[in-house]
Amino acid sequence: MKTKSSTALIDQLDYLKLPFIKAHHSELAREAGPQNWDHQEYLRRLVDGEFSQRQQRCIERRIKAARFPVLKTLEQFRWDWPKKINRLQV
């Protein structure tokens with residue numbers, strides 16, 4: 001059951017555009033009790049999650065804006081051709 005204060009919190013998190021905190025604050029609060037987190041650890045985990053999610057979305061937006069024809073990672077790179085590429089330097 002949502003209380004007036006929890007509804008207000010959700011509205012504020014929506015307004016501030018903090019989707020990770022909105023989605024995970026209750027879950028992390030339940031985890032904080034048994035783990036004996038202090039308020040700073042709880043807040044640190046919420047902010048860390050929000051930061052990571054924003055950073056990932058930023059990377060995804062930049063990749064999309066770059067309009068690469070094919071997405072490749074270094075793990076997918078063929079190191080056997082051409083032979084002149086210095087793998088350690090890359």
# chains A, B, ... in the order shown; residues from 1 in each chain; ligands from 1
call {"tool": "residues_around", "arguments": {"residues": "region 36-43 of chain A", "least_positions_apart": "5", "cutoff": "12 Å", "atoms": "only C-alpha atoms", "output": "MDAnalysis selection string"}}
result
chainID A and resid 21 24:31 48:50
call {"tool": "select_by_dssp", "arguments": {"residues": "region 6-86 of chain A", "states": "helix (DSSP H, G or I)", "output": "PyMOL selection string"}}
result
chain A and resi 6-15+19-35+39-66+74-76
call {"tool": "closest_residue", "arguments": {"among": "A:Arg78, A:Arg45, A:Lys64, A:Lys84", "to": "Phe20 (chain A)", "atoms": "only C-alpha atoms"}}
result
A:Arg45
call {"tool": "closest_residue", "arguments": {"among": "A:Ala65, A:Ile85, A:Ile10, A:Leu18", "to": "Gln53 (chain A)", "atoms": "only C-alpha atoms"}}
result
A:Leu18
